[in-house]
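Shown next: data_33.tsv, containing TSV, C-alpha atoms.
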chain	number	residue	atom	x	y	z
A	1	MET	CA	170.13	157.11	159.36
A	2	LYS	CA	166.53	157.27	158.19
A	3	ASN	CA	165.28	157.75	154.64
A	4	TYR	CA	164.67	161.36	153.76
A	5	ILE	CA	161.50	162.11	151.83
A	6	VAL	CA	160.05	165.52	151.02
A	7	GLU	CA	156.75	165.80	149.18
A	8	ALA	CA	156.58	168.14	146.20
A	9	THR	CA	154.81	171.47	146.30
A	10	LYS	CA	153.80	173.60	143.35
A	11	TYR	CA	157.29	175.17	143.39
A	12	THR	CA	159.58	172.70	145.15
A	13	PRO	CA	160.50	169.19	143.98
A	14	TYR	CA	159.77	165.75	145.36
A	15	ILE	CA	162.94	164.49	147.06
A	16	GLU	CA	163.50	160.86	147.98
A	17	PHE	CA	166.76	159.77	149.56
A	18	ASP	CA	166.72	155.98	150.04
A	19	ILE	CA	169.59	155.31	152.43
A	20	ALA	CA	169.63	151.50	152.22
A	21	LYS	CA	169.61	151.42	148.42
A	22	GLY	CA	171.85	154.47	148.00
A	23	ASN	CA	169.40	156.22	145.67
A	24	LEU	CA	168.59	159.91	145.58
A	25	LYS	CA	165.71	161.03	143.41
A	26	MET	CA	164.44	164.55	142.66
A	27	GLU	CA	161.38	165.31	140.57
A	28	GLY	CA	159.33	168.38	139.69
A	29	ASP	CA	159.75	172.09	139.11
A	30	THR	CA	161.72	174.19	141.56
A	31	TYR	CA	161.35	177.97	141.87
A	32	PRO	CA	161.08	178.95	145.52
A	33	GLU	CA	162.06	182.45	146.57
A	34	ASN	CA	164.69	181.00	148.86
A	35	SER	CA	166.14	177.74	147.59
A	36	TYR	CA	168.62	177.65	150.47
A	37	ASP	CA	165.71	176.67	152.75
A	38	THR	CA	164.62	174.04	150.23
A	39	PHE	CA	167.95	172.32	149.61
A	40	LYS	CA	170.12	172.95	152.69
A	41	PRO	CA	168.53	170.03	154.60
A	42	LEU	CA	169.37	167.74	151.66
A	43	LEU	CA	172.99	168.96	151.62
A	44	ASP	CA	173.20	168.05	155.32
A	45	LYS	CA	171.71	164.59	154.64
A	46	ILE	CA	174.32	163.98	151.94
A	47	ASP	CA	177.10	164.83	154.41
A	48	GLU	CA	175.57	162.53	156.99
A	49	TYR	CA	175.27	159.70	154.44
A	50	PHE	CA	178.95	159.75	153.49
A	51	LEU	CA	180.18	160.34	157.02
A	52	ASP	CA	181.27	156.91	158.30
A	53	SER	CA	182.28	154.63	155.41
A	54	ILE	CA	182.79	154.38	151.65
A	55	LYS	CA	179.37	154.46	149.98
A	56	SER	CA	177.66	154.38	146.61
A	57	LEU	CA	175.08	156.91	145.55
A	58	ASN	CA	172.96	156.92	142.39
A	59	VAL	CA	171.29	160.20	141.70
A	60	GLU	CA	168.31	160.57	139.36
A	61	ILE	CA	166.98	163.99	138.52
A	62	ASN	CA	163.83	164.73	136.60
A	63	ILE	CA	163.46	168.47	136.93
A	64	GLU	CA	162.37	170.66	134.01
A	65	PHE	CA	162.35	174.08	135.55
A	66	LEU	CA	164.84	175.66	137.95
A	67	ASN	CA	164.95	179.31	138.90
A	68	THR	CA	168.39	180.88	139.35
A	69	SER	CA	168.38	180.42	143.12
A	70	SER	CA	167.64	176.69	142.67
A	71	SER	CA	170.25	176.36	139.91
A	72	LYS	CA	172.79	177.74	142.33
A	73	MET	CA	171.82	175.25	145.05
A	74	MET	CA	171.80	172.40	142.52
A	75	ARG	CA	175.32	173.39	141.61
A	76	GLU	CA	176.28	173.25	145.30
A	77	ILE	CA	174.85	169.73	145.54
A	78	ILE	CA	176.79	168.70	142.43
A	79	SER	CA	180.04	170.19	143.78
A	80	LYS	CA	179.53	168.36	147.05
A	81	LEU	CA	179.02	165.06	145.21
A	82	ASP	CA	182.19	165.74	143.26
A	83	GLU	CA	184.13	166.17	146.50
A	84	TYR	CA	182.86	162.82	147.77
A	85	PHE	CA	183.69	161.21	144.44
A	86	GLU	CA	187.26	162.48	144.81
A	87	ALA	CA	187.31	160.97	148.29
A	88	ASP	CA	186.73	157.52	146.71
A	89	HIS	CA	182.95	157.21	147.08
A	90	ASN	CA	181.01	155.86	144.09
A	91	ILE	CA	178.76	158.46	142.56
A	92	SER	CA	176.68	158.38	139.40
A	93	LEU	CA	174.01	160.72	138.13
A	94	LYS	CA	171.31	160.68	135.49
A	95	TRP	CA	169.42	163.80	134.49
A	96	TYR	CA	166.33	163.20	132.35
A	97	TYR	CA	164.81	165.59	129.82
A	98	PRO	CA	162.08	165.33	127.16
A	99	ASP	CA	163.57	164.11	123.89
A	100	GLY	CA	164.16	166.95	121.45
A	101	ASP	CA	164.18	169.75	124.01
A	102	ILE	CA	167.52	171.31	123.10
A	103	ASP	CA	167.24	174.15	125.64
A	104	LEU	CA	166.97	171.73	128.56
A	105	GLN	CA	169.67	169.44	127.21
A	106	GLU	CA	172.04	172.42	126.96
A	107	SER	CA	171.13	173.70	130.42
A	108	TRP	CA	171.91	170.41	132.11
A	109	GLU	CA	175.12	170.04	130.12
A	110	MET	CA	176.18	173.49	131.27
A	111	LEU	CA	175.38	172.65	134.86
A	112	LEU	CA	177.34	169.37	134.77
A	113	GLU	CA	180.09	169.83	132.18
A	114	ASP	CA	183.10	170.02	134.51
A	115	VAL	CA	182.19	167.38	137.09
A	116	LEU	CA	184.45	164.39	137.66
A	117	PHE	CA	181.91	161.70	138.57
A	118	PRO	CA	180.17	159.82	135.73
A	119	TYR	CA	176.88	161.29	134.59
A	120	GLU	CA	174.38	160.90	131.77
A	121	ILE	CA	171.89	163.36	130.34
A	122	VAL	CA	169.12	161.07	129.17
A	123	ALA	CA	166.45	161.89	126.58
A	124	VAL	CA	163.04	160.49	127.47
A	125	GLU	CA	160.50	159.91	124.72
A	126	ASP	CA	156.90	160.94	125.30
B	127	MET	CA	130.89	212.12	146.10
B	128	GLU	CA	132.60	211.18	142.88
B	129	THR	CA	136.31	210.42	142.79
B	130	ASN	CA	138.60	211.46	139.97
B	131	PHE	CA	139.83	207.95	139.59
B	132	ASN	CA	138.70	206.49	136.31
B	133	VAL	CA	138.94	202.74	135.88
B	134	TYR	CA	138.36	202.99	132.14
B	135	GLU	CA	141.53	205.10	131.81
B	136	VAL	CA	143.55	202.29	133.35
B	137	TYR	CA	141.82	199.73	131.15
B	138	LYS	CA	142.41	201.81	128.02
B	139	LEU	CA	146.06	202.39	128.85
B	140	MET	CA	146.59	198.67	129.19
B	141	GLU	CA	144.52	197.86	126.13
B	142	ASN	CA	146.35	200.42	123.97
B	143	ASN	CA	149.69	198.98	125.02
B	144	GLN	CA	148.64	195.40	124.21
B	145	ILE	CA	149.01	194.36	127.82
B	146	GLN	CA	147.54	190.93	128.36
B	147	PHE	CA	147.56	191.30	132.07
B	148	SER	CA	149.28	193.08	134.86
B	149	TYR	CA	149.30	193.04	138.65
B	150	LYS	CA	150.29	195.70	141.15
B	151	GLY	CA	150.59	194.97	144.83
B	152	PRO	CA	152.53	192.76	147.23
B	153	ILE	CA	154.37	190.09	145.23
B	154	THR	CA	154.23	186.83	147.12
B	155	GLN	CA	155.07	183.31	146.02
B	156	GLU	CA	151.29	182.65	145.81
B	157	VAL	CA	150.78	185.62	143.48
B	158	LEU	CA	153.67	184.42	141.34
B	159	ILE	CA	152.21	180.91	141.10
B	160	SER	CA	148.80	182.09	140.01
B	161	LEU	CA	150.21	184.61	137.52
B	162	GLY	CA	152.55	181.92	136.21
B	163	ASP	CA	149.77	179.36	135.84
B	164	THR	CA	147.52	181.85	134.07
B	165	ILE	CA	150.23	182.83	131.62
B	166	LYS	CA	151.29	179.25	130.93
B	167	GLU	CA	147.67	178.22	130.40
B	168	LYS	CA	147.06	181.13	128.01
B	169	LEU	CA	150.24	180.52	126.01
B	170	HIS	CA	149.54	176.80	125.71
B	171	ARG	CA	146.02	177.59	124.52
B	172	ASP	CA	147.52	179.88	121.88
B	173	ASP	CA	149.71	176.95	120.72
B	174	CYS	CA	152.86	178.71	121.80
B	175	ASP	CA	156.08	176.71	121.53
B	176	VAL	CA	157.06	175.02	124.82
B	177	ARG	CA	160.46	176.75	124.69
B	178	VAL	CA	158.85	180.20	124.44
B	179	VAL	CA	156.48	179.39	127.30
B	180	ARG	CA	159.43	178.35	129.47
B	181	LYS	CA	161.37	181.52	128.61
B	182	VAL	CA	158.42	183.77	129.43
B	183	PHE	CA	157.80	181.91	132.68
B	184	SER	CA	161.46	182.05	133.65
B	185	VAL	CA	161.63	185.82	133.12
B	186	LEU	CA	158.43	186.25	135.11
B	187	VAL	CA	159.82	184.22	138.03
B	188	GLU	CA	163.09	186.17	138.18
B	189	ALA	CA	161.31	189.52	137.82
B	190	ALA	CA	158.85	188.65	140.57
B	191	HIS	CA	161.59	187.44	142.91
B	192	ASN	CA	163.54	190.63	142.26
B	193	ILE	CA	160.56	192.68	143.38
B	194	LEU	CA	159.72	190.65	146.46
B	195	ARG	CA	163.35	190.70	147.51
B	196	TYR	CA	164.59	194.14	146.52
B	197	SER	CA	161.63	196.51	146.35
B	198	SER	CA	162.10	199.19	148.99
B	199	GLU	CA	158.33	199.24	149.46
B	200	GLN	CA	157.76	196.27	151.73
B	201	THR	CA	154.64	194.98	153.46
B	202	ASP	CA	154.20	192.57	156.36
B	203	LEU	CA	152.87	189.11	155.66
B	204	SER	CA	150.24	187.90	158.07
B	205	HIS	CA	151.24	184.23	158.11
B	206	ASN	CA	154.87	184.65	159.14
B	207	ASN	CA	157.31	187.23	160.41
B	208	ARG	CA	158.57	188.19	157.00
B	209	THR	CA	157.84	191.03	154.63
B	210	THR	CA	157.42	191.02	150.90
B	211	GLY	CA	158.03	193.62	148.22
B	212	ILE	CA	155.40	195.64	146.44
B	213	GLY	CA	155.63	196.22	142.73
B	214	LEU	CA	154.08	196.00	139.32
B	215	ILE	CA	154.49	193.06	136.97
B	216	GLY	CA	152.86	192.09	133.71
B	217	ILE	CA	153.04	190.76	130.23
B	218	GLY	CA	152.13	192.22	126.89
B	219	LYS	CA	152.61	191.67	123.19
B	220	THR	CA	154.17	194.73	121.60
B	221	GLU	CA	154.30	193.19	118.14
B	222	ALA	CA	152.65	190.09	116.73
B	223	ASN	CA	155.70	187.95	117.47
B	224	LEU	CA	157.17	189.65	120.49
B	225	PHE	CA	156.23	189.28	124.12
B	226	VAL	CA	157.28	191.88	126.65
B	227	ILE	CA	157.51	190.97	130.32
B	228	PHE	CA	157.72	194.12	132.42
B	229	SER	CA	158.21	194.99	136.05
B	230	GLY	CA	158.43	198.16	138.08
B	231	ASN	CA	159.18	198.89	141.70
B	232	ILE	CA	160.74	201.45	143.99
B	233	ILE	CA	164.39	201.09	144.97
B	234	SER	CA	166.99	203.07	146.90
B	235	GLN	CA	169.82	205.15	145.42
B	236	LYS	CA	172.35	202.53	146.49
B	237	ASP	CA	170.46	199.73	144.71
B	238	LYS	CA	170.06	201.92	141.64
B	239	ASP	CA	173.83	202.25	141.32
B	240	ILE	CA	174.31	198.50	141.68
B	241	ILE	CA	171.54	197.58	139.23
B	242	GLU	CA	172.56	200.15	136.64
B	243	LYS	CA	176.15	198.94	136.64
B	244	LYS	CA	175.03	195.32	136.42
B	245	ILE	CA	172.59	195.79	133.53
B	246	SER	CA	174.96	197.89	131.46
B	247	PHE	CA	177.63	195.24	131.97
B	248	ILE	CA	175.21	192.46	130.95
B	249	ASN	CA	173.97	194.40	127.91
B	250	SER	CA	177.57	194.93	126.76
B	251	LEU	CA	178.25	191.19	126.59
B	252	SER	CA	178.00	189.07	123.46
B	253	ARG	CA	175.75	186.00	123.62
B	254	LYS	CA	178.78	183.80	124.17
B	255	ASP	CA	180.30	186.00	126.90
B	256	LEU	CA	176.95	186.23	128.64
B	257	GLN	CA	176.81	182.45	128.76
B	258	GLU	CA	180.37	182.30	130.12
B	259	SER	CA	179.67	184.95	132.78
B	260	TYR	CA	176.58	183.08	133.86
B	261	LYS	CA	178.55	179.85	134.15
B	262	THR	CA	181.29	181.50	136.17
B	263	GLN	CA	178.79	183.20	138.45
B	264	LEU	CA	176.99	179.89	138.99
B	265	ARG	CA	180.22	178.26	140.14
B	266	LYS	CA	181.56	181.18	142.16
B	267	HIS	CA	180.62	182.26	145.71
B	268	PRO	CA	178.55	180.06	147.95
B	269	ILE	CA	174.87	181.02	147.96
B	270	SER	CA	173.81	183.40	150.70
B	271	GLU	CA	171.40	182.12	153.33
B	272	ASP	CA	168.61	184.28	151.97
B	273	GLY	CA	168.84	182.23	148.79
B	274	SER	CA	170.06	185.08	146.62
B	275	ALA	CA	172.24	183.82	143.78
B	276	GLY	CA	172.82	187.21	142.14
B	277	LEU	CA	171.93	185.59	138.84
B	278	GLY	CA	168.44	186.93	138.12
B	279	LEU	CA	169.46	189.66	135.68
B	280	PHE	CA	171.92	187.34	133.93
B	281	GLU	CA	169.13	184.80	133.51
B	282	VAL	CA	166.58	187.24	132.08
B	283	ALA	CA	169.24	188.48	129.64
B	284	ARG	CA	169.91	184.90	128.54
B	285	LYS	CA	166.20	184.36	127.91
B	286	SER	CA	165.75	187.72	126.21
B	287	ASP	CA	165.93	188.17	122.46
B	288	ARG	CA	166.84	191.86	122.74
B	289	PRO	CA	169.00	193.87	125.13
B	290	ILE	CA	167.32	194.46	128.50
B	291	GLU	CA	165.42	197.78	128.46
B	292	TYR	CA	165.40	199.66	131.73
B	293	ASN	CA	164.68	203.07	133.14
B	294	PHE	CA	165.01	204.90	136.44
B	295	SER	CA	162.69	207.73	137.49
B	296	GLN	CA	163.91	209.79	140.41
B	297	LEU	CA	160.94	210.33	142.76
B	298	ASP	CA	162.76	211.64	145.79
B	299	THR	CA	166.32	211.78	147.13
B	300	ASN	CA	166.41	208.10	147.98
B	301	LYS	CA	163.37	206.87	146.07
B	302	ILE	CA	163.72	205.70	142.50
B	303	PHE	CA	161.19	203.91	140.32
B	304	PHE	CA	162.99	201.13	138.49
B	305	GLU	CA	161.42	199.62	135.40
B	306	LEU	CA	162.53	196.63	133.43
B	307	LYS	CA	161.38	195.34	130.04
B	308	ILE	CA	162.39	191.95	128.71
B	309	PHE	CA	161.50	190.81	125.20
B	310	VAL	CA	160.89	187.23	124.13
B	311	GLN	CA	160.48	186.41	120.48
B	312	VAL	CA	157.93	183.88	119.26
B	313	GLU	CA	159.52	181.74	116.59
B	314	ASP	CA	157.38	180.92	113.58
This entry written out as structure tokens:
Amino acid sequence: MKNYIVEATKYTPYIEFDIAKGNLKMEGDTYPENSYDTFKPLLDKIDEYFLDSIKSLNVEINIEFLNTSSSKMMREIISKLDEYFEADHNISLKWYYPDGDIDLQESWEMLLEDVLFPYEIVAVED
Amino acid sequence: METNFNVYEVYKLMENNQIQFSYKGPITQEVLISLGDTIKEKLHRDDCDVRVVRKVFSVLVEAAHNILRYSSEQTDLSHNNRTTGIGLIGIGKTEANLFVIFSGNIISQKDKDIIEKKISFINSLSRKDLQESYKTQLRKHPISEDGSAGLGLFEVARKSDRPIEYNFSQLDTNKIFFELKIFVQVED
């Protein structure tokens, strides 16, 4: 399986899935009209990654703006990771936000609050 | 030959209603990006709080996507096989501390019934229940392949500091002009 890298556009994030290291990174704003087109290929890559053996995956997200369509797809990614976590894979996730931005902190907490895998919402100072 | 159309009338109407800018035409992702950038740039220049800028931008994005997806006036796009909706979108400042983001577009009778039911439900919810409904909706139903999450109106209500204002004008049997006004407060 090859690494999966998608360059950012003005309205879709940079995605880097390093297969050997087990790291998935997403950065940038995301507000496409159709986020299914944006994130479905990544969902498929995640399935492919966990297909043959027990794996570890560290996810790092640095996204500040999601439209509702992207929030929905992000939630689908998170649910998928939760399913793999329940099937004994190692999953961890860090979501970064600018220190002091209560709105963002609350949004990410709301998105993640009921997941089973360990996660951190990390404040980043300027 | 002179036309009756008077540009100054349009200008005055916008000026008198404190409209900062407004666009009517096909709403594409490109239009949204340039409107969004212009608004963000202007608000930052006016030293607007980052949280207010994000709220305004978020409402603009959802309103624009609603038009391009649901407007019954559609136009072909030259660069692919898809169409995009036509509508009106803009931003104004009705009071010193209150932004209004507005949109208007034509919809069908069927969509009117759906939208009306949805907005009156959303407007009836308390802040806390709105948050809960949004959360439930986010976790329910897989997303459709066209990327529609059904969350746009919930999201604008969450960002809005007043109930959503809306109006329907019947133009024809199956042609209704739908207008939406969302208010965002600037905190001092």
Inset, instruction - Give me, as a list in words, the contact residues of chain B against chain A at a cut-off of 7 Å, counting all atoms listed in the file. - result: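 So the residues of chain B near chain A are Ser184, His191, Leu264, Ile269, Glu271, Asp272, Gly273, Ser274, Ala275, Leu277 and Gly278 of chain B.
The nearest approach to Lys25 (chain A) among the residues A:Ile5, A:Leu51, A:Leu43, A:Val122, with all atoms listed in the file taken into account, belongs to A:Ile5.
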Inset, instruction - Determine the nearest neighbour of Arg253 (chain B) from the options B:Ile212, B:Ala283, B:Val133, B:Ile145, counting only C-alpha atoms. - result: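 Once distances to Arg253 (chain B) are computed over only C-alpha atoms, the minimum belongs to B:Ala283.
Among the candidate residues A:Asn23, A:Thr9, A:Ser53, A:Asn62, the one lying nearest to Trp95 (chain A) is A:Asn62, with distances computed using only C-alpha atoms.
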Inset, instruction - With a distance cut-off of 9 Å and all atoms listed in the file, select the neighbouring residues of Asp88 (chain A), excluding the residue or stretch itself and same-chain residues fewer than 2 positions from it, and output the selection as a PyMOL selection string. - result: chain A and resi 54-55+84-86+90
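Considering the residues A:Leu116, A:Asn58, A:Asp18, A:Glu106 and counting all atoms listed in the file, Ile91 (chain A) has its shortest atom-to-atom contact with A:Asn58.
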Inset, instruction - Please provide the set of residues having any atom within 9 Å of Gly151 (chain B), restricted to only C-alpha atoms, with same-chain residues fewer than 5 positions apart removed, written as a list in words. - result: Gly211, Ile212, Gly213, Leu214 and Ile215 of chain B
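Proximity to Leu81 (chain A) was assessed for A:Asp47, A:Glu113, A:Glu60, A:Glu27 counting only C-alpha atoms; the smallest distance is recorded for A:Asp47.
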Inset, instruction - Would you mind reading off the distance between CA of Tyr292 (chain B) and CA of Phe304 (chain B), one decimal, in Å? - result: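 Between CA of Tyr292 (chain B) and CA of Phe304 (chain B) the gap works out to 7.3 Å.
CA of Leu256 (chain B) lies 7.4 Å from CA of Phe280 (chain B).
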Inset, instruction - Have a look at CA of Ser270 (chain B) and CA of Ser246 (chain B) and let me know their distance in Å, one decimal. - result: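 We find that CA of Ser270 (chain B) and CA of Ser246 (chain B) lie 24.1 Å from each other.
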Legend entry - For Asp114 (chain A): contacts at 12 Å, only C-alpha atoms, fewer than 6 positions along chain excluded, given as number ranges by chain: A: 75, 78-79, 82, 108; B: 261-262, 265
